[in-house]
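The file model-v1.csv contains CSV, C-alpha atoms:
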```csv
chain,number,residue,atom,x,y,z
A,13,MET,CA,118.5,-34.2,-123.6
A,14,THR,CA,119.6,-31.4,-125.9
A,15,VAL,CA,118.1,-30.5,-129.3
A,16,GLY,CA,118.9,-28.3,-132.3
A,17,VAL,CA,117.3,-27.7,-135.7
A,18,GLU,CA,118.7,-26.8,-139.1
A,19,GLU,CA,116.2,-25.1,-141.5
A,20,GLU,CA,116.8,-24.4,-145.2
A,21,PHE,CA,114.9,-21.6,-147.0
A,22,LEU,CA,114.5,-20.2,-150.5
A,23,LEU,CA,115.3,-16.6,-151.5
A,24,VAL,CA,112.5,-15.3,-153.8
A,25,ASP,CA,112.0,-12.2,-155.9
A,26,PRO,CA,108.7,-10.7,-154.7
A,27,GLU,CA,107.8,-9.6,-158.2
A,28,THR,CA,108.2,-12.9,-160.0
A,29,ARG,CA,107.8,-15.2,-157.0
A,30,ARG,CA,110.8,-17.2,-158.4
A,31,PRO,CA,114.0,-18.0,-156.5
A,32,VAL,CA,117.1,-15.9,-157.1
A,33,ALA,CA,120.7,-16.8,-156.4
A,34,ARG,CA,121.5,-14.1,-153.8
A,35,ALA,CA,122.5,-16.2,-150.9
A,36,ALA,CA,125.9,-14.6,-150.4
A,37,ASP,CA,124.4,-11.1,-150.3
A,38,VAL,CA,121.7,-12.1,-147.8
A,39,LEU,CA,124.0,-14.0,-145.5
A,40,ALA,CA,126.4,-11.1,-145.3
A,41,GLY,CA,123.6,-9.0,-143.9
A,42,VAL,CA,122.4,-11.3,-141.2
A,43,ARG,CA,122.4,-9.8,-137.7
A,44,ASP,CA,121.1,-10.6,-134.2
A,45,LEU,CA,121.4,-14.4,-134.3
A,46,PRO,CA,120.6,-16.2,-131.0
A,47,PRO,CA,123.4,-17.6,-128.9
A,48,GLY,CA,125.3,-20.5,-130.7
A,49,ALA,CA,123.2,-20.1,-133.9
A,50,GLN,CA,124.7,-20.0,-137.4
A,51,VAL,CA,123.7,-19.3,-141.0
A,52,HIS,CA,125.2,-21.2,-144.0
A,53,ARG,CA,125.1,-21.5,-147.7
A,54,GLU,CA,123.6,-24.5,-149.4
A,55,LEU,CA,124.3,-26.2,-152.7
A,56,SER,CA,122.1,-23.8,-154.7
A,57,GLY,CA,122.7,-20.1,-154.6
A,58,VAL,CA,118.9,-19.6,-154.0
A,59,GLN,CA,119.1,-21.3,-150.6
A,60,VAL,CA,120.2,-20.3,-147.1
A,61,GLU,CA,120.3,-22.3,-143.9
A,62,PHE,CA,119.7,-21.3,-140.3
A,63,ALA,CA,121.0,-23.6,-137.6
A,64,THR,CA,120.0,-23.1,-134.0
A,65,GLY,CA,122.4,-23.3,-131.1
A,66,VAL,CA,122.2,-26.3,-128.7
A,67,CYS,CA,118.8,-25.9,-126.9
A,68,ALA,CA,117.9,-27.5,-123.5
A,69,ASP,CA,114.1,-27.7,-124.3
A,70,LEU,CA,111.4,-27.0,-126.8
A,71,ARG,CA,110.6,-23.6,-125.4
A,72,GLU,CA,114.2,-22.4,-125.9
A,73,LEU,CA,114.1,-24.0,-129.3
A,74,ARG,CA,111.0,-22.1,-130.3
A,75,ASP,CA,112.6,-18.8,-129.3
A,76,GLN,CA,115.7,-19.6,-131.4
A,77,LEU,CA,113.7,-20.7,-134.4
A,78,THR,CA,111.6,-17.6,-134.3
A,79,ALA,CA,114.7,-15.4,-133.9
A,80,GLY,CA,116.5,-17.2,-136.8
A,81,ARG,CA,113.6,-16.7,-139.2
A,82,ARG,CA,113.4,-13.1,-138.2
A,83,ALA,CA,117.1,-12.5,-138.8
A,84,LEU,CA,117.1,-14.1,-142.2
A,85,ALA,CA,113.8,-12.5,-143.3
A,86,ASP,CA,115.3,-9.1,-142.3
A,87,ALA,CA,118.5,-9.7,-144.2
A,88,ALA,CA,116.5,-10.9,-147.3
A,89,HIS,CA,114.2,-7.8,-147.0
A,90,ALA,CA,117.2,-5.5,-147.0
A,91,GLU,CA,118.1,-7.1,-150.4
A,92,GLY,CA,114.6,-6.7,-151.7
A,93,LEU,CA,113.8,-10.4,-151.4
A,94,TRP,CA,111.5,-12.7,-149.5
A,95,LEU,CA,112.5,-15.6,-147.4
A,96,VAL,CA,110.2,-18.6,-148.3
A,97,ALA,CA,109.7,-21.7,-146.2
A,98,SER,CA,108.8,-24.4,-148.8
A,99,GLY,CA,110.4,-27.8,-149.4
A,100,THR,CA,110.6,-27.1,-153.1
A,101,PRO,CA,110.2,-23.9,-155.1
A,102,PRO,CA,106.5,-23.5,-156.2
A,103,LEU,CA,107.8,-21.4,-159.1
A,104,ALA,CA,111.4,-21.8,-160.3
A,105,ASP,CA,114.0,-21.2,-163.0
A,106,PRO,CA,115.1,-24.4,-164.6
A,107,ARG,CA,118.8,-24.1,-163.8
A,108,PRO,CA,119.7,-22.0,-160.8
A,109,GLU,CA,123.2,-20.9,-160.1
A,110,LEU,CA,125.1,-23.3,-157.8
A,111,SER,CA,127.2,-22.0,-154.9
A,112,ALA,CA,130.9,-21.7,-155.4
A,113,GLY,CA,133.3,-23.7,-153.4
A,114,GLU,CA,135.6,-26.8,-153.6
A,115,ARG,CA,133.1,-29.2,-152.0
A,116,PHE,CA,130.2,-27.8,-154.0
A,117,ASP,CA,132.2,-28.2,-157.2
A,118,ARG,CA,132.9,-31.9,-156.3
A,119,ILE,CA,129.2,-32.5,-155.7
A,120,GLU,CA,128.2,-30.9,-159.0
A,121,SER,CA,130.9,-32.9,-160.8
A,122,LEU,CA,129.8,-36.2,-159.4
A,123,TYR,CA,126.0,-35.9,-159.7
A,124,ARG,CA,125.8,-33.6,-162.7
A,125,GLY,CA,122.2,-33.4,-163.9
A,126,GLN,CA,120.8,-34.5,-160.6
A,127,VAL,CA,121.8,-31.2,-159.0
A,128,ASP,CA,121.2,-28.8,-162.0
A,129,ALA,CA,117.7,-27.9,-160.7
A,130,TYR,CA,118.0,-29.2,-157.1
A,131,GLN,CA,116.6,-26.5,-154.8
A,132,CYS,CA,115.1,-28.7,-152.1
A,133,CYS,CA,114.8,-27.4,-148.5
A,134,GLY,CA,114.6,-29.7,-145.4
A,135,CYS,CA,114.1,-29.5,-141.7
A,136,HIS,CA,116.9,-31.4,-139.8
A,137,VAL,CA,116.5,-32.2,-136.1
A,138,HIS,CA,119.5,-33.0,-134.0
A,139,VAL,CA,119.0,-34.7,-130.6
A,140,GLY,CA,122.0,-35.2,-128.3
A,141,VAL,CA,123.2,-38.7,-127.5
A,142,PRO,CA,126.0,-39.8,-125.2
A,143,ASP,CA,128.2,-41.7,-127.7
A,144,PRO,CA,128.4,-43.2,-131.2
A,145,GLU,CA,127.1,-46.6,-130.2
A,146,THR,CA,124.0,-45.1,-128.7
A,147,ALA,CA,123.5,-43.0,-131.9
A,148,VAL,CA,123.5,-46.2,-134.1
A,149,HIS,CA,121.2,-48.0,-131.7
A,150,VAL,CA,118.7,-45.0,-131.7
A,151,VAL,CA,118.7,-44.7,-135.5
A,152,ASN,CA,117.8,-48.4,-135.8
A,153,HIS,CA,114.8,-47.8,-133.5
A,154,LEU,CA,113.7,-44.7,-135.4
A,155,ARG,CA,113.4,-46.4,-138.8
A,156,PRO,CA,109.7,-47.5,-138.6
A,157,TRP,CA,108.6,-44.0,-137.5
A,158,LEU,CA,110.4,-41.9,-140.2
A,159,PRO,CA,107.4,-42.2,-142.7
A,160,THR,CA,105.0,-40.8,-140.1
A,161,LEU,CA,107.3,-37.8,-139.4
A,162,LEU,CA,107.4,-37.2,-143.2
A,163,ALA,CA,103.6,-37.4,-143.4
A,164,LEU,CA,103.4,-34.7,-140.8
A,165,GLY,CA,106.2,-32.6,-142.3
A,166,GLY,CA,105.3,-32.7,-146.1
A,167,ASN,CA,105.5,-29.1,-147.4
A,168,SER,CA,106.3,-29.3,-151.1
A,169,PRO,CA,103.2,-30.1,-153.3
A,170,PHE,CA,104.2,-27.5,-155.9
A,171,ASP,CA,107.4,-27.7,-157.9
A,172,HIS,CA,108.6,-25.7,-160.9
A,173,ASP,CA,105.2,-24.2,-161.7
A,174,ARG,CA,103.1,-27.4,-161.3
A,175,ASP,CA,101.0,-29.3,-158.8
A,176,THR,CA,103.0,-32.5,-158.5
A,177,GLY,CA,100.2,-34.5,-156.8
A,178,TYR,CA,102.5,-35.2,-153.9
A,179,ALA,CA,102.6,-33.8,-150.3
A,180,SER,CA,106.4,-33.9,-150.4
A,181,TRP,CA,107.9,-33.6,-153.9
A,182,ARG,CA,111.2,-32.9,-152.1
A,183,MET,CA,111.3,-36.5,-151.1
A,184,MET,CA,110.9,-37.6,-154.7
A,185,ASP,CA,113.7,-35.3,-155.7
A,186,GLN,CA,115.9,-36.6,-153.0
A,187,ALA,CA,115.2,-40.2,-153.9
A,188,ARG,CA,117.2,-39.8,-157.0
A,189,PHE,CA,120.5,-39.7,-155.0
A,190,PRO,CA,122.3,-43.0,-154.2
A,191,GLY,CA,121.6,-44.5,-150.9
A,192,SER,CA,118.6,-42.3,-150.1
A,193,GLY,CA,115.7,-43.3,-148.0
A,194,VAL,CA,115.5,-45.2,-144.7
A,195,PRO,CA,118.9,-46.1,-143.4
A,196,PRO,CA,120.0,-49.7,-143.2
A,197,VAL,CA,120.2,-51.5,-139.8
A,198,CYS,CA,123.7,-51.1,-138.5
A,199,HIS,CA,125.1,-53.3,-135.7
A,200,SER,CA,127.6,-50.9,-134.3
A,201,ALA,CA,129.3,-47.6,-134.8
A,202,ALA,CA,132.1,-49.4,-136.7
A,203,ASP,CA,129.5,-51.1,-138.9
A,204,HIS,CA,127.9,-47.8,-139.7
A,205,ALA,CA,131.3,-46.2,-140.5
A,206,ALA,CA,132.2,-49.1,-142.7
A,207,ARG,CA,128.9,-48.9,-144.7
A,208,VAL,CA,129.5,-45.1,-145.3
A,209,ALA,CA,133.1,-45.7,-146.3
A,210,ARG,CA,132.0,-48.4,-148.7
A,211,LEU,CA,129.6,-46.0,-150.5
A,212,VAL,CA,132.5,-43.5,-150.7
A,213,ASP,CA,134.8,-46.2,-152.2
A,214,CYS,CA,132.1,-47.1,-154.7
A,215,GLY,CA,132.0,-43.5,-155.9
A,216,ALA,CA,128.4,-42.9,-154.8
A,217,LEU,CA,129.3,-40.2,-152.1
A,218,VAL,CA,131.7,-37.3,-152.2
A,219,ASP,CA,133.0,-38.1,-148.7
A,220,GLY,CA,132.1,-39.7,-145.4
A,221,SER,CA,130.0,-36.7,-144.2
A,222,GLN,CA,127.6,-36.9,-147.2
A,223,THR,CA,125.0,-39.6,-146.8
A,224,PHE,CA,121.4,-39.3,-148.0
A,225,TRP,CA,119.7,-41.4,-145.4
A,226,LEU,CA,116.7,-39.9,-143.6
A,227,ALA,CA,118.3,-40.4,-140.2
A,228,ARG,CA,121.9,-40.9,-139.2
A,229,PRO,CA,124.5,-40.5,-136.5
A,230,SER,CA,125.7,-36.9,-137.2
A,231,PRO,CA,129.2,-36.8,-138.7
A,232,ARG,CA,129.8,-33.5,-137.1
A,233,TYR,CA,128.0,-33.4,-133.7
A,234,PRO,CA,127.3,-35.8,-130.8
A,235,THR,CA,123.7,-36.2,-132.0
A,236,VAL,CA,121.3,-38.3,-134.0
A,237,GLU,CA,120.2,-36.3,-137.0
A,238,VAL,CA,116.7,-36.8,-138.5
A,239,ARG,CA,116.2,-35.1,-141.8
A,240,VAL,CA,113.0,-36.6,-143.2
A,241,ALA,CA,110.7,-33.5,-143.1
A,242,ASP,CA,110.5,-30.7,-145.6
A,243,THR,CA,111.4,-27.3,-144.3
A,244,ALA,CA,108.6,-26.3,-142.0
A,245,ALA,CA,105.8,-24.0,-143.1
A,246,THR,CA,105.7,-22.5,-139.6
A,247,VAL,CA,107.9,-22.4,-136.5
A,248,ASP,CA,105.4,-24.6,-134.7
A,249,HIS,CA,105.6,-27.2,-137.5
A,250,ALA,CA,109.4,-27.3,-137.0
A,251,LEU,CA,108.9,-27.5,-133.2
A,252,LEU,CA,106.6,-30.5,-133.7
A,253,GLN,CA,109.2,-32.4,-135.6
A,254,ALA,CA,111.7,-31.6,-132.9
A,255,GLY,CA,109.4,-32.6,-130.1
A,256,LEU,CA,108.4,-35.9,-131.6
A,257,THR,CA,112.0,-36.7,-132.5
A,258,MET,CA,113.2,-36.0,-129.0
A,259,ALA,CA,110.4,-38.3,-127.6
A,260,LEU,CA,111.3,-41.1,-130.1
A,261,VAL,CA,114.9,-40.9,-128.9
A,262,ALA,CA,113.9,-40.9,-125.3
A,263,ALA,CA,111.6,-43.9,-125.8
A,264,VAL,CA,114.4,-46.1,-127.1
A,265,GLY,CA,115.3,-48.8,-124.6
A,266,ASP,CA,117.8,-51.6,-124.5
A,267,THR,CA,115.8,-54.1,-126.6
A,268,PRO,CA,116.7,-54.8,-130.2
A,269,ALA,CA,115.1,-52.6,-132.8
A,270,PRO,CA,112.3,-54.0,-134.9
A,271,GLU,CA,113.4,-54.7,-138.5
A,272,PRO,CA,110.5,-54.1,-140.9
A,273,ASP,CA,110.8,-55.4,-144.4
A,274,GLU,CA,113.0,-53.0,-146.5
A,275,GLN,CA,110.5,-52.8,-149.3
A,276,VAL,CA,107.6,-52.1,-147.0
A,277,LEU,CA,109.6,-49.3,-145.4
A,278,ALA,CA,110.3,-47.9,-148.9
A,279,ALA,CA,106.5,-48.1,-149.7
A,280,ALA,CA,105.8,-46.3,-146.4
A,281,VAL,CA,108.1,-43.5,-147.3
A,282,TRP,CA,106.6,-43.2,-150.8
A,283,SER,CA,103.0,-43.2,-149.4
A,284,ALA,CA,103.9,-40.5,-146.9
A,285,ALA,CA,105.4,-38.4,-149.6
A,286,ARG,CA,102.5,-39.0,-152.0
A,287,TYR,CA,99.6,-38.5,-149.6
A,288,GLY,CA,100.9,-36.8,-146.4
A,289,LEU,CA,98.0,-36.9,-144.0
A,290,SER,CA,95.4,-36.7,-146.7
A,291,GLY,CA,95.1,-40.4,-147.6
A,292,PRO,CA,96.4,-43.8,-146.8
A,293,GLY,CA,99.7,-44.6,-145.1
A,294,VAL,CA,101.7,-47.8,-144.7
A,295,ASP,CA,102.3,-49.2,-141.3
A,296,PRO,CA,105.9,-50.6,-141.5
A,297,LEU,CA,105.4,-52.8,-138.5
A,298,SER,CA,102.2,-54.6,-139.7
A,299,ALA,CA,103.0,-54.2,-143.4
A,300,CYS,CA,99.4,-52.9,-143.9
A,301,ARG,CA,97.7,-49.9,-145.5
A,302,VAL,CA,96.0,-47.8,-142.8
A,303,PRO,CA,94.8,-44.2,-142.7
A,304,ALA,CA,97.8,-41.9,-142.3
A,305,VAL,CA,96.2,-40.2,-139.3
A,306,ASP,CA,96.1,-43.5,-137.5
A,307,LEU,CA,99.9,-43.7,-137.8
A,308,VAL,CA,100.1,-40.3,-136.1
A,309,HIS,CA,98.1,-41.6,-133.2
A,310,ALA,CA,100.2,-44.7,-133.0
A,311,LEU,CA,103.3,-42.6,-132.8
A,312,LEU,CA,101.8,-40.5,-130.0
A,313,ASP,CA,100.9,-43.8,-128.1
A,314,HIS,CA,104.5,-45.1,-128.7
A,315,VAL,CA,106.1,-41.9,-127.1
A,316,ALA,CA,103.4,-41.2,-124.5
A,317,ASP,CA,105.7,-42.0,-121.5
A,318,ALA,CA,108.7,-40.3,-123.1
A,319,LEU,CA,107.0,-36.9,-123.7
A,320,GLY,CA,107.3,-35.9,-120.1
A,321,ASP,CA,106.8,-32.2,-119.5
A,322,ASP,CA,106.4,-31.6,-123.2
A,323,ARG,CA,103.2,-33.8,-123.5
A,324,ASP,CA,100.7,-30.9,-123.5
A,325,LEU,CA,102.8,-28.8,-126.0
A,326,VAL,CA,103.4,-31.7,-128.4
A,327,HIS,CA,99.7,-32.8,-128.3
A,328,ALA,CA,98.7,-29.2,-129.0
A,329,LEU,CA,101.1,-29.0,-131.9
A,330,VAL,CA,99.7,-32.2,-133.4
A,331,ARG,CA,96.1,-31.0,-133.0
A,332,ASP,CA,97.0,-27.8,-134.9
A,333,VAL,CA,98.3,-29.8,-137.8
A,334,LEU,CA,95.4,-32.2,-137.8
A,335,ASP,CA,92.9,-29.3,-137.6
A,336,ASN,CA,94.6,-26.7,-139.8
A,337,GLY,CA,96.7,-28.8,-142.1
A,338,THR,CA,100.3,-29.7,-142.9
A,339,GLY,CA,102.4,-27.3,-144.9
A,340,ALA,CA,101.4,-29.2,-148.1
A,341,GLN,CA,97.7,-29.0,-147.3
A,342,ARG,CA,98.0,-25.3,-146.6
A,343,GLN,CA,99.8,-24.7,-149.9
A,344,LEU,CA,97.2,-26.5,-151.8
A,345,ARG,CA,94.4,-24.6,-150.1
A,346,ALA,CA,96.1,-21.4,-151.2
A,347,GLY,CA,95.1,-22.5,-154.7
A,348,SER,CA,98.2,-21.9,-156.9
A,349,PRO,CA,102.0,-21.9,-156.9
A,350,GLN,CA,102.0,-18.1,-156.8
A,351,ALA,CA,99.6,-18.0,-153.8
A,352,ALA,CA,101.7,-20.7,-152.0
A,353,VAL,CA,104.7,-18.4,-152.3
A,354,ASP,CA,102.8,-15.5,-150.8
A,355,LEU,CA,101.5,-17.8,-148.0
A,356,LEU,CA,105.0,-19.0,-147.1
A,357,ALA,CA,107.0,-15.8,-147.3
A,358,CYS,CA,108.3,-15.0,-143.9
A,359,THR,CA,107.7,-11.5,-142.8
A,360,ARG,CA,109.5,-8.9,-140.7
A,361,THR,CA,106.8,-8.7,-138.1
A,362,GLY,CA,108.9,-10.4,-135.5
A,363,THR,CA,107.0,-13.7,-135.5
A,364,GLY,CA,109.3,-15.5,-138.0
A,365,SER,CA,106.2,-17.2,-139.3
A,366,PRO,CA,104.6,-17.2,-142.7
A,367,ARG,CA,102.2,-14.5,-143.8
A,368,PRO,CA,98.6,-14.9,-142.8
```
Turn the structure described in the file into C-alpha cells.
Amino acid sequence: MTVGVEEEFLLVDPETRRPVARAADVLAGVRDLPPGAQVHRELSGVQVEFATGVCADLRELRDQLTAGRRALADAAHAEGLWLVASGTPPLADPRPELSAGERFDRIESLYRGQVDAYQCCGCHVHVGVPDPETAVHVVNHLRPWLPTLLALGGNSPFDHDRDTGYASWRMMDQARFPGSGVPPVCHSAADHAARVARLVDCGALVDGSQTFWLARPSPRYPTVEVRVADTAATVDHALLQAGLTMALVAAVGDTPAPEPDEQVLAAAVWSAARYGLSGPGVDPLSACRVPAVDLVHALLDHVADALGDDRDLVHALVRDVLDNGTGAQRQLRAGSPQAAVDLLACTRTGTGSPRP
C-alpha cells in the first residue's frame, strides 16, 4: 500500500505575525525536495503547499515530510518570512491577495465573499487503491471515522485575532462551501462521477476536480484522498493522520459499508470541530454522545489487525497526542494568537517541526 501527504502552510511576517502574500517568491526559492515531491500555490497568496512523492511506508513518509518542511522553511527564511503550520491564521489581514491564474479567477468569481478571507490550510492523505470502484467502496467505509480523524487533527482554535472556541475553525470555514462535509454514499464509480457532474451542472462547483467532501476518490491520482484534518502542528501529527488512514483503508473488507444517519454524521463532524479531544464527541454508529477520547480508542480497536508492522509506531503517535495535546490544545496552551504563531513557526534547524 502506498501513501502520500499534501500539507498547506501559511507565510508569515515575523514582525507582525500576520500572513503575507509572498507565495510566488518563496516557491521560486525552494530547493532540495525529496524524490517525487512538489510544491504548489494555493488560492490565497499567503499559502504554499508541499506534496510528498509516493511513499512505500510511514518511515519513508516521515523523511519526506521532514525534508519538505525544511525546504519550504529555508525558502521562506530567505525571503525574511516564517513558514507556519496552522489550519487558520491566528492573526490575519481581512482580505489577503488571491493567487493569479485562470482557475483561481473562476473560483473567486463563483464564490465571491466566501473566498475573500479564506486562508485555511489542511493536511490531505492519499492512500493508493487498485481501481476507481475500490476507491468508492473504501470512501463509503471511511465515513463514520472521519470525525475522529478531525478530532485528532484539529489545529485552528485561533482565527483573525480571536479565540474561536473551536478546535478546528478551519472546518467551520470550509462548511460554508456547497457540498462540504462527509461524502454521500456512492454505489459505484459511475454513481460518484454522476453526483460530481450534477453539482457542476448546478453551478455549485467550478469543475469536476473540485469537490469539498472530506474524503473522495482522487480526481488526479489512483488514490483515496482524506482531507479532514487541519494542517498538522508537527510532522508526527501528519504521520499519525497518514498511519490511521492507511489502516482504515486496509481494514475495509467486502461487506457493505455502514450507513449512519446523515444528520448524526454532521453532528459528529461539528462536535469534533468544536471540542477536538477536549470534550464530548458523537459516535456516528451508535448515534450517542461519548467522550471524544473513547472514539480514538474505538478507532484503534477497529484497525488493530490492519496496522501490521506500523502498530507500535501508530500507538506511540496516538499516545503523544493524548499526553501532549493536539495542535489546537498546544495553541491554546501557548496563551494567545501571537504566541501560537511563534509556537508553530517551522525553523531551519533541520527537523521541519515547529519551534519548541
Checklist entry - Leaving out stretch 54-71 of chain A and any residue of its chain fewer than 5 positions from it, which residues lie within 8 Å of it when counting all atoms listed in the file, given as number ranges by chain? => result A: 13-24, 31-36, 39, 46-49, 76-77, 80-81, 84, 108-111, 116, 130-131, 133, 251, 254-255, 322
Checklist entry - Which is closest to A:Thr267 among A:Asp128, A:Gly288, A:Val150, A:Trp94, if we use all atoms listed in the file? => result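 For A:Thr267, the nearest of the given residues is A:Val150.
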Checklist entry - Which one is closest to A:Asp185: A:Val212, A:Ala285, A:Asp219, A:Leu158? Count all atoms listed in the file. => result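 Result for the nearest residue to A:Asp185: A:Ala285.
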Item to check | Between atom CA of A:Asp171 and atom CA of A:Gly339, distance in Å (one decimal) | outcome: 13.9 Å
Next on the checklist: Ranking A:Leu211, A:Val276, A:Ala245, A:Val197 by minimum distance to A:Leu355 and counting all atoms listed in the file, which one comes first?
Outcome noted: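 Smallest separation from A:Leu355 among the options: A:Ala245.
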Item to check | Atom pair atom CA of A:Asp248 / atom CA of A:Arg74: separation (Å) | outcome: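 Computed distance, atom CA of A:Asp248 to atom CA of A:Arg74, equals 7.5 Å.
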Checklist entry - Using all atoms listed in the file, which residues sit within 10 Å of A:Trp282 once same-chain residues fewer than 6 positions away are excluded, as a list in words? => result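 Here the answer would be Pro159, Leu162, Ala163, Tyr178, Ser180, Met183, Met184, Ala187, Gly193, Val276, Gly288, Gly293 and Val294 of chain A.
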For the residues in that selection, give me C-alpha atoms as a PDB file, in the frame of the given file.
```pdb
ATOM      1  CA  PRO A 159     107.400 -42.200-142.700  1.00  0.00           C
ATOM      2  CA  LEU A 162     107.400 -37.200-143.200  1.00  0.00           C
ATOM      3  CA  ALA A 163     103.600 -37.400-143.400  1.00  0.00           C
ATOM      4  CA  TYR A 178     102.500 -35.200-153.900  1.00  0.00           C
ATOM      5  CA  SER A 180     106.400 -33.900-150.400  1.00  0.00           C
ATOM      6  CA  MET A 183     111.300 -36.500-151.100  1.00  0.00           C
ATOM      7  CA  MET A 184     110.900 -37.600-154.700  1.00  0.00           C
ATOM      8  CA  ALA A 187     115.200 -40.200-153.900  1.00  0.00           C
ATOM      9  CA  GLY A 193     115.700 -43.300-148.000  1.00  0.00           C
ATOM     10  CA  VAL A 276     107.600 -52.100-147.000  1.00  0.00           C
ATOM     11  CA  GLY A 288     100.900 -36.800-146.400  1.00  0.00           C
ATOM     12  CA  GLY A 293      99.700 -44.600-145.100  1.00  0.00           C
ATOM     13  CA  VAL A 294     101.700 -47.800-144.700  1.00  0.00           C
TER      14      VAL A 294
END
```
Applying 6 Å and only C-alpha atoms, which residues near A:Glu145 remain after dropping the ones on its own chain fewer than 2 positions away? List them as a tab-separated table (two decimals) with C-alpha atoms, keeping the file's coordinate frame.
```tsv
chain	number	residue	atom	x	y	z
A	143	ASP	CA	128.20	-41.70	-127.70
A	147	ALA	CA	123.50	-43.00	-131.90
A	148	VAL	CA	123.50	-46.20	-134.10
A	200	SER	CA	127.60	-50.90	-134.30
A	201	ALA	CA	129.30	-47.60	-134.80
```
Checklist entry - Any idea what the distance is between atom CA of A:Ala85 and atom CA of A:Thr100? => result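 Answer for the atom CA of A:Ala85 to atom CA of A:Thr100 separation: 17.9 Å.
All residues of protein, DNA or RNA that reach within 12 Å of A:Gly215, judged by only C-alpha atoms and not counting those fewer than 5 positions away in the chain, are A:Arg118, A:Ile119, A:Ser121, A:Leu122, A:Tyr123, A:Pro190, A:Gly191, A:Val208, A:Ala209, A:Arg210, A:Gly220, A:Gln222.
Residue nearest A:Leu289, chosen from A:Arg342, A:Arg239, A:His52, A:Arg232 and counting all atoms listed in the file: A:Arg342.
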Next on the checklist: With only C-alpha atoms as the counted atoms, please give the residues lying no more than 12 Å from A:Val261, apart from itself and same-chain residues fewer than 5 positions off, as a ChimeraX atom specification.
Outcome noted: /A:13-15,137-142,146-155,157,227,235-238,254-256,266,314-315,317-319
Next on the checklist: Measuring between only C-alpha atoms, which one of A:His136, A:Arg124, A:Arg43, A:Arg29 shows the shortest distance to A:Ala90?
Outcome noted: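 That would be A:Arg43, the residue with the smallest distance to A:Ala90.
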Next on the checklist: Taking (121.5, -8.8, -139.5) as a centre in this file's frame and 8 Å as the limit, can you find every polymer residue with an atom that close, using all atoms listed in the file, and give them as number ranges by chain?
Outcome noted: A: 40-45, 83-84, 86-87
